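Q: The structure under discussion is supplied below as C-alpha cells; questions concerning it will follow.
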Amino acid sequence: MRLFTVLGGVLLVGVASAGGLWYTWGRDLPSVSDLDVLEFSGQTRVYDRAGTLVGTLTPSLGSGSSVNRNLLKAGQISPWLHKAVVTSEDRRFYQHGGVDMVGIARGLLKGLLQNDLEGGSSITQQVVKNTLLDDLQGARTAERKFKEAVLAYQLERNFDKKQILNAYLNVIYWGDGGRSDIVGAGGAAHAYFRKDAGELNLAESVYLATIIPAPNRRYKNFKAYRPLMKSLLARMVEDDQITQAEADAAWKTPIYPAGWRIGWNADGSVRTATLERPGRLMENLTLTEGVNRYPNFYYLQAVEKELLPIIGRKALYGGGRIYTGMSAQAQAAAEQASRDARLPDGATLGAALLRPDSGEVLALVGQKLTDGGRPSDWNNATQARRQVGSSVKPLLYALALEKGWKQSDTVLDAPLSGEYQPMNYNRRWSGRYVTMRYALDHSLNLPTVRIGQELGVPAFEAKLRDLGLTPPANAGLSLTIGTLEASPLQMAAAYATFANGGLYFTPTLVRKVEDARGKLLYTRPAPAGKRVWDARTAWLGLDMLRGVVNDLSAAQGGLATRARINGWPVGGKTGTTNDVKDLWFAGVTPNVAGAVWVGRQEGGALPSWAYSGEIPTPVWQRAVAGTLAGQPEADFREPDGIAYRVVRNVNMAFRTEDADTEPVARDGSGTSRGFFGRRRVPAAPAQPSAVPAAAPPEEAPPAEQPAAPEETPAAAAETPPAETEVEVTPEVPVTPTPTPDPTPTPAPTATPDSGAAPAPAQEVPVQDPPAPLEEEPVISPDPGALPEDPEPVEPEPTDPGEAQDPNDPINDLPPLE
C-alpha cells in the first residue's frame with residue numbers, strides 16, 4: 001500500500017511539474033504550420049507601381065541568422081545524402097515520434113557527467129531549433145529543450161518523415177561561404193562539389209554528412225577526418241541503408257572538395273592532401289548564384305514581412321500577384337549607388353527612398369551590395385536602429401519654428417551650466433549669439449542644446465513620436481543632438497514631412513494582393529497623412545534644410561554640398577555619432593525623401609577620416625539623382641503667407657507677419673529679448689523666388705581679424721541693406737545664462753571629467769579660404785552626448801545683429817558681458 005502511495009506522489013509531482021513547465025514555457029509556442037512552405041508553389045509574382053514584374057516571392061526556411069531561399073523538393077536531393085544524414089545524425093529517425101527517448105537519456109547522462117545539456121536531439125528537434133526556435137540562438141537551456149520536445153511532437157503529427165527530413169536538409173548549416181553562409185543541401189553541393197544536390201554520389205554524400213557537426217573545422221583538415229567516412233559507411237551497412245559492396249566502392253571513390261588537392265591510393269587511403277584555395281567555396285557559390293541574381297532582394301523581403309501577418313503564409317506563397325509602390329528605376333538606382341559606394345573597410349550601409357505625398361516606399365537597400373553572391377538577410381534599411389546624430393536637429397529646429405521662433409532668432413554659442421557639458425564638434429565656442437540658420441548650417445551643438453532647454457525635452461519627445469520615432473527613455477538633453485535611434489526608413493518618413501506640407505505618412509510597400517484566380521485578398525487603405533506641422537512651419541523647416549545644402553560652398557566647409565542634384569531643389573542634413581560609429585544623411589526633393597546610414601554591422605568606430613558629408617551623402621545623391629532622371633523638373637509647393645528677407649547675406653523664409661519683426665536673442669533659460677532691445681533695422685526684402693541662391697557664410701568678416709580687446713561681446717545689430725537707415729535705440733544689456741568667459745573668441749580645452757565649463761584657449765587663426773576640419777569626437781562627461789558633424793573653420797561669428805560692414809560705427813560699441 002505504501003508503495004502505491006509513493007508512486008502516486010511521484011506521479012502527482014511529475015504532473016504538477018509538467019503543468020508548471022507548460023504554464024511557464026508552453027503557452028506562446030510558435031505554430032508548426034509555418035514549416036509547410038515546401039508545399040507552396042513559390043510563384044507569387046510581385047509588380048512595381050508601373051505594373052512591371054520585379055520578382056517572385058520564394059518560400060524560405062530560417063537557419064539561425066541565415067535564411068535559405070533556394071528550397072529543394074525531396075526528389076531534387078540525392079537519395080544517398082538522405083541515407084547518409086539519417087545514419088549520421090539520427091539513426092532512429094524512422095522509429096521515434098519526434099523525440100528519441102534513448103537519445104534523450106544519453107543526453108541527460110552527458111549533462112550530468114559533463115554539465116552539458118546538448119546531445120540527444122533528433123532530426124525533428126533540429127528542424128525546430130533552427131527554424132521555429134531560432135530566436136533562442138541555440139542556447140543550451142532547459143527552456144529550449146522543453147520547447148523543442150513539445151514542438152517536435154507537434155511537427156510529427158502534422159508532417160510525415162519525408163517532409164521533416166527534407167526540411168532538415170534545407171536548413172542545415174554547412175559552413176562559411178564568405179559573403180553568405182552555406183545553408184541547405186543545394187548550397188552545400190554547389191559549394192563543395194560544383195554540382196546540383198541531386199547529382200551527389202555516395203562518397204560525396206557521406207563526406208557532406210560527416211562534416212555537419214563542425215563544417216568549418218572539418219573542412220580544413222580532410223586527412224584527419226577521413227576515417228569518419230569509413231565509420232559512417234559501416235553504420236549505413238549495419239542499418240541496411242546500403243550494401244557492403246556499395247560501401248567498399250564509395251570508400252575507393254576519389255572525391256575532391258573545393259580548394260583541396262588530394263592524392264589517392266587505389267585502396268581508398270589518402271596519399272597527400274593540401275588545402276590550396278579555401279576561397280574556392282565562395283567562388284563556387286558565386287558562380288552558381290550568378291552576378292546580381294537577387295535584384296530587388298531587400299524590397300521583396302520587406303514585402304514579405306509586411307504581408308505575412310495580414311494574409312498568412314499560404315496566401316503569400318500561393319501563386320498570386322502583389323502590386324507594390326516600388327519604383328523599378330529608384331530601386332535600380334539605389335542598388336547601383338550601394339555597389340558604387342566607397343566605404344571604410346568593414347562598413348556597410350542601409351538606404352530607403354519614399355514618396356513624400358503618400359509614404360509609399362520607392363526603394364530599399366539593406367546592405368553594401370557587391371557583384372555576385374546572395375545578399376545578407378539583415379535589412380539595415382528597415383530593421384536596424386542606429387543613433388542618428390545631428391540628423392535629428394532639423395526636427396528640433398522645426399519644433400522651435402512651430403512655437404513661433406524665426407530663423408533669424410539668435411542663440412548663445414557657449415558652454416552650459418550644470419553637469420551636462422556637451423561641446424561643439426571642433427571643441428570651440430564663440431561665446432556669442434548666432435542665428436538659428438547659422439547654427440544648423442554649421443551643426444553647432446551648444447546652441448542646439450540651448451534650444452532644447454528652452455523648448456523642453458518632453459515637447460521634443462512628443463514631436464518625435466508624432467513623426468513615427470521612438471525616443472529613448474531618460475535621454476535628457478542629449479536627445480537634441482542625436483541619441484535617438486532609428487532606421488533609414490523611419491528617418492526618410494520623418495523628413496518627408498518637410499516636403500509635403502507637414503503630413504506624416506506611415507511608410508507602406510504593398511498596394512493590393514490577388515490570389516492565383518484574380519480574387520482580391522488585400523487592398524491598402526488610401527494613404528491618410530497625420531498633420532505634424534502646419535504648412536508654413538514645414539516650409540520654414542524645409543528652407544533651413546535647403547540652407548544646409550546650399551548656404552556654404554565646399555570651399556567654405558559646407559556639410560552637405562555633395563547632396564546637390566542639378567536642376568532639382570534639395571534639402572537635407574548630415575549626422576555623425578560618438579567615435580564616428582554611425583554616419584547619416586537624410587534629405588528631400590519634391591518627389592523623393594530618403595535616408596542613408598553607414599556603419600559597421602557589428603558596431604564599432606569607423607576611421608577618424610570618415611565623416612557624413614563624404615560617405616553617406618554621395619550615396620544618397622546618386623540614388624536620388626538616378627530616381628529623378630528623366631522626370632520633369634519640379635519645385636516644392638510653397639504655402640501662402642510666406643515672405644523672404646535677406647539677413648546677414650542669407651535669404652531666409654519667414655511667416656509674412658514675422659518678416660519684419662526684430663529677431664529674438666535666446667540663451668536657453670526661457671527668457672529672451674528682441675536683439676537686446678537696443679536697435680532695430682528693417683531687413684531687406686528678398687527676391688520673390690522661394691529658392692535661396694548659394695550664399696556666402698552667414699558670418700563673413702575679413703579672414704584676418706585683429707585680436708579683440710578683453711571686453712564684453714559686441715552689441716547686437718542687424719545688417720542694414722544698401723541705402724537703409726539704421727535707427728539706433730538706447731542699449732539695454734542682457735546677461736546670458738551662463739555668462740561666457742569674456743576672453744574674446746575662446747576655444748575650450750577639453751576636460752571631459754570636469755563638470756565645469758572648459759577653460760578658454762587662444763583662438764586658432766582662420767585660413768583663407770576656410771578649410772574644413774577632420775571630424776573628431778566630442779569630449780563630454782555625459783556618455784550620451786554625441787559629437788557633431790565637422791564644423792568648418794569659419795570666421796568668428798558675430799553677435800546677433802552685428803553689422804557686416806567693418807566701417808559701421810556700431811562695430812566699435814563695447815560688447816556685452
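Labels for the C-alpha cells follow display order: chains A, B, ..., residues from 1 in each chain, ligands from 1.
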Find the residues around Gln43 (chain A) up to 9 Å (only C-alpha atoms counted), leave out those fewer than 2 positions away in its own chain, and share them as a list in words.
A: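 Once the adjacent positions are removed, what remains is Phe40, Ser41, Arg45, Thr56, Leu57, Thr58, Tyr317, Gly318, Gly319, Gly320 and Arg321 of chain A.
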Q: Please produce a file of the residues just selected, as a PDB file, in the first residue's frame, where the atoms kept are C-alpha atoms.
A:
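So out-v6.pdb came out as:
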ATOM      1  CA  PHE A  40       3.863  26.043 -51.854  1.00  0.00           C
ATOM      2  CA  SER A  41       4.473  26.897 -55.471  1.00  0.00           C
ATOM      3  CA  ARG A  45       4.660  37.472 -58.631  1.00  0.00           C
ATOM      4  CA  THR A  56       8.704  36.389 -57.328  1.00  0.00           C
ATOM      5  CA  LEU A  57       8.369  35.507 -53.678  1.00  0.00           C
ATOM      6  CA  THR A  58      10.150  32.289 -52.819  1.00  0.00           C
ATOM      7  CA  TYR A 317       3.191  31.965 -51.398  1.00  0.00           C
ATOM      8  CA  GLY A 318       0.100  30.634 -53.156  1.00  0.00           C
ATOM      9  CA  GLY A 319       0.933  31.868 -56.642  1.00  0.00           C
ATOM     10  CA  GLY A 320      -0.970  35.150 -56.796  1.00  0.00           C
ATOM     11  CA  ARG A 321       0.027  38.721 -57.664  1.00  0.00           C
TER      12      ARG A 321
END
Q: From a DSSP calculation on the backbone, collect every residue of region 349-476 of chain A in strand (DSSP E) and output the set as number ranges by chain.
A: A: 349-354, 361-365, 386-387, 410-413, 432-435
Q: My list of candidates is A:Ile242, A:Val183, A:Gln125, A:Gln154. Which is closest to Pro79 (chain A) when distances are computed with only C-alpha atoms?
A: A:Ile242
Q: Of the residues A:His82, A:Lys162, A:Arg437, A:Arg157, which is the one nearest to Trp405 (chain A), using only C-alpha atoms?
A: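 Result for the nearest residue to Trp405 (chain A): A:Arg437.
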Q: From the options A:Leu521, A:Leu81, A:Val32, A:Leu169, which residue's atoms come nearest to Lys147 (chain A), counting only C-alpha atoms?
A: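 With only C-alpha atoms as the atom set, the closest residue is A:Val32.
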Q: Quick one: residues within 10 Å of Glu602 (chain A), only C-alpha atoms counted, chain neighbours fewer than 6 positions away excluded, as an NGL selection string?
A: :A and (346-348)
Q: With only C-alpha atoms as the basis for distance, which of A:Gly630, A:Pro394, A:Arg648, A:Ile212 is at the shortest distance from Gly571 (chain A)?
A: A:Pro394
Q: Of the residues A:Asn68, A:Thr272, A:Asn265, A:Asn578, which is the one nearest to Ile172 (chain A), using only C-alpha atoms?
A: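 Counting only C-alpha atoms, the residue closest to Ile172 (chain A) is A:Asn68.
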Q: Taking the DSSP secondary structure from the backbone, can you list the residues of region 431-551 of chain A that are alpha helix (DSSP H), as a PyMOL selection string?
A: chain A and resi 436-441+445-455+457-466+488-499+535-550
Q: By how many Å are CA of Lys220 (chain A) and CA of Gln241 (chain A) apart?
A: 28.4 Å
Q: Rounded to one decimal, what separation in Å do you get between CA of Asp48 (chain A) and CA of Leu489 (chain A)?
A: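 Computing the Euclidean distance for CA of Asp48 (chain A) and CA of Leu489 (chain A) yields 18.4 Å.
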Q: Compile the contact shell of Pro590 (chain A) as a PDB file with N, CA, C and O atoms, in the first residue's frame: residues with an atom at most 9 Å away, counting only C-alpha atoms, same-chain residues fewer than 5 positions apart removed.
A:
ATOM      1  N   ARG A 355       8.048  58.229 -51.345  1.00  0.00           N
ATOM      2  CA  ARG A 355       7.346  59.387 -51.881  1.00  0.00           C
ATOM      3  C   ARG A 355       6.804  60.220 -50.736  1.00  0.00           C
ATOM      4  O   ARG A 355       6.057  59.706 -49.887  1.00  0.00           O
ATOM      5  N   PRO A 356       7.110  61.518 -50.711  1.00  0.00           N
ATOM      6  CA  PRO A 356       6.618  62.354 -49.612  1.00  0.00           C
ATOM      7  C   PRO A 356       5.097  62.482 -49.592  1.00  0.00           C
ATOM      8  O   PRO A 356       4.511  62.690 -48.531  1.00  0.00           O
ATOM      9  N   ALA A 499       8.686  68.083 -46.984  1.00  0.00           N
ATOM     10  CA  ALA A 499       8.471  68.208 -48.422  1.00  0.00           C
ATOM     11  C   ALA A 499       7.002  68.171 -48.822  1.00  0.00           C
ATOM     12  O   ALA A 499       6.667  68.529 -49.954  1.00  0.00           O
ATOM     13  N   ASN A 500       6.123  67.721 -47.921  1.00  0.00           N
ATOM     14  CA  ASN A 500       4.715  67.565 -48.304  1.00  0.00           C
ATOM     15  C   ASN A 500       3.767  68.500 -47.567  1.00  0.00           C
ATOM     16  O   ASN A 500       2.556  68.296 -47.586  1.00  0.00           O
ATOM     17  N   TRP A 568      17.391  70.301 -59.590  1.00  0.00           N
ATOM     18  CA  TRP A 568      16.411  69.956 -58.556  1.00  0.00           C
ATOM     19  C   TRP A 568      16.735  70.667 -57.245  1.00  0.00           C
ATOM     20  O   TRP A 568      17.898  70.742 -56.849  1.00  0.00           O
ATOM     21  N   PRO A 569      15.696  71.162 -56.558  1.00  0.00           N
ATOM     22  CA  PRO A 569      15.925  71.700 -55.213  1.00  0.00           C
ATOM     23  C   PRO A 569      16.126  70.565 -54.223  1.00  0.00           C
ATOM     24  O   PRO A 569      15.409  69.557 -54.260  1.00  0.00           O
ATOM     25  N   VAL A 570      17.107  70.717 -53.353  1.00  0.00           N
ATOM     26  CA  VAL A 570      17.469  69.665 -52.403  1.00  0.00           C
ATOM     27  C   VAL A 570      17.641  70.273 -51.023  1.00  0.00           C
ATOM     28  O   VAL A 570      18.237  71.351 -50.869  1.00  0.00           O
ATOM     29  N   ALA A 634      10.676  69.727 -61.006  1.00  0.00           N
ATOM     30  CA  ALA A 634       9.572  70.234 -60.191  1.00  0.00           C
ATOM     31  C   ALA A 634      10.144  70.996 -59.016  1.00  0.00           C
ATOM     32  O   ALA A 634      11.331  70.901 -58.708  1.00  0.00           O
ATOM     33  N   ASP A 635       9.278  71.772 -58.362  1.00  0.00           N
ATOM     34  CA  ASP A 635       9.700  72.527 -57.190  1.00  0.00           C
ATOM     35  C   ASP A 635       8.762  72.187 -56.042  1.00  0.00           C
ATOM     36  O   ASP A 635       7.671  71.641 -56.236  1.00  0.00           O
ATOM     37  N   PHE A 636       9.205  72.480 -54.833  1.00  0.00           N
ATOM     38  CA  PHE A 636       8.338  72.312 -53.678  1.00  0.00           C
ATOM     39  C   PHE A 636       7.162  73.289 -53.768  1.00  0.00           C
ATOM     40  O   PHE A 636       7.285  74.364 -54.355  1.00  0.00           O
ATOM     41  N   ARG A 637       6.044  72.915 -53.192  1.00  0.00           N
ATOM     42  CA  ARG A 637       4.865  73.769 -53.209  1.00  0.00           C
ATOM     43  C   ARG A 637       4.877  74.694 -51.999  1.00  0.00           C
ATOM     44  O   ARG A 637       4.718  74.261 -50.864  1.00  0.00           O
TER      45      ARG A 637
END
Q: Interatomic distance between CA of Gly404 (chain A) and CA of Trp429 (chain A)?
A: 26.4 Å
Q: Using only C-alpha atoms, determine which residues lie at most 12 Å from Asp90 (chain A), disregarding the query and same-chain residues fewer than 6 positions distant; provide the list as a list in words.
A: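 These residues fall inside the cut-off: His82, Lys83, Ala84, His96, Gly98, Val99, Asp100, Met101, Val102, Gly103, Ile104, Gly119, Gly120, Ser121, Ser122, Ile123, Thr124, Gln125, Gln126, Leu165, Tyr168, Ala209, Arg235, Met236 and Asp239 of chain A.
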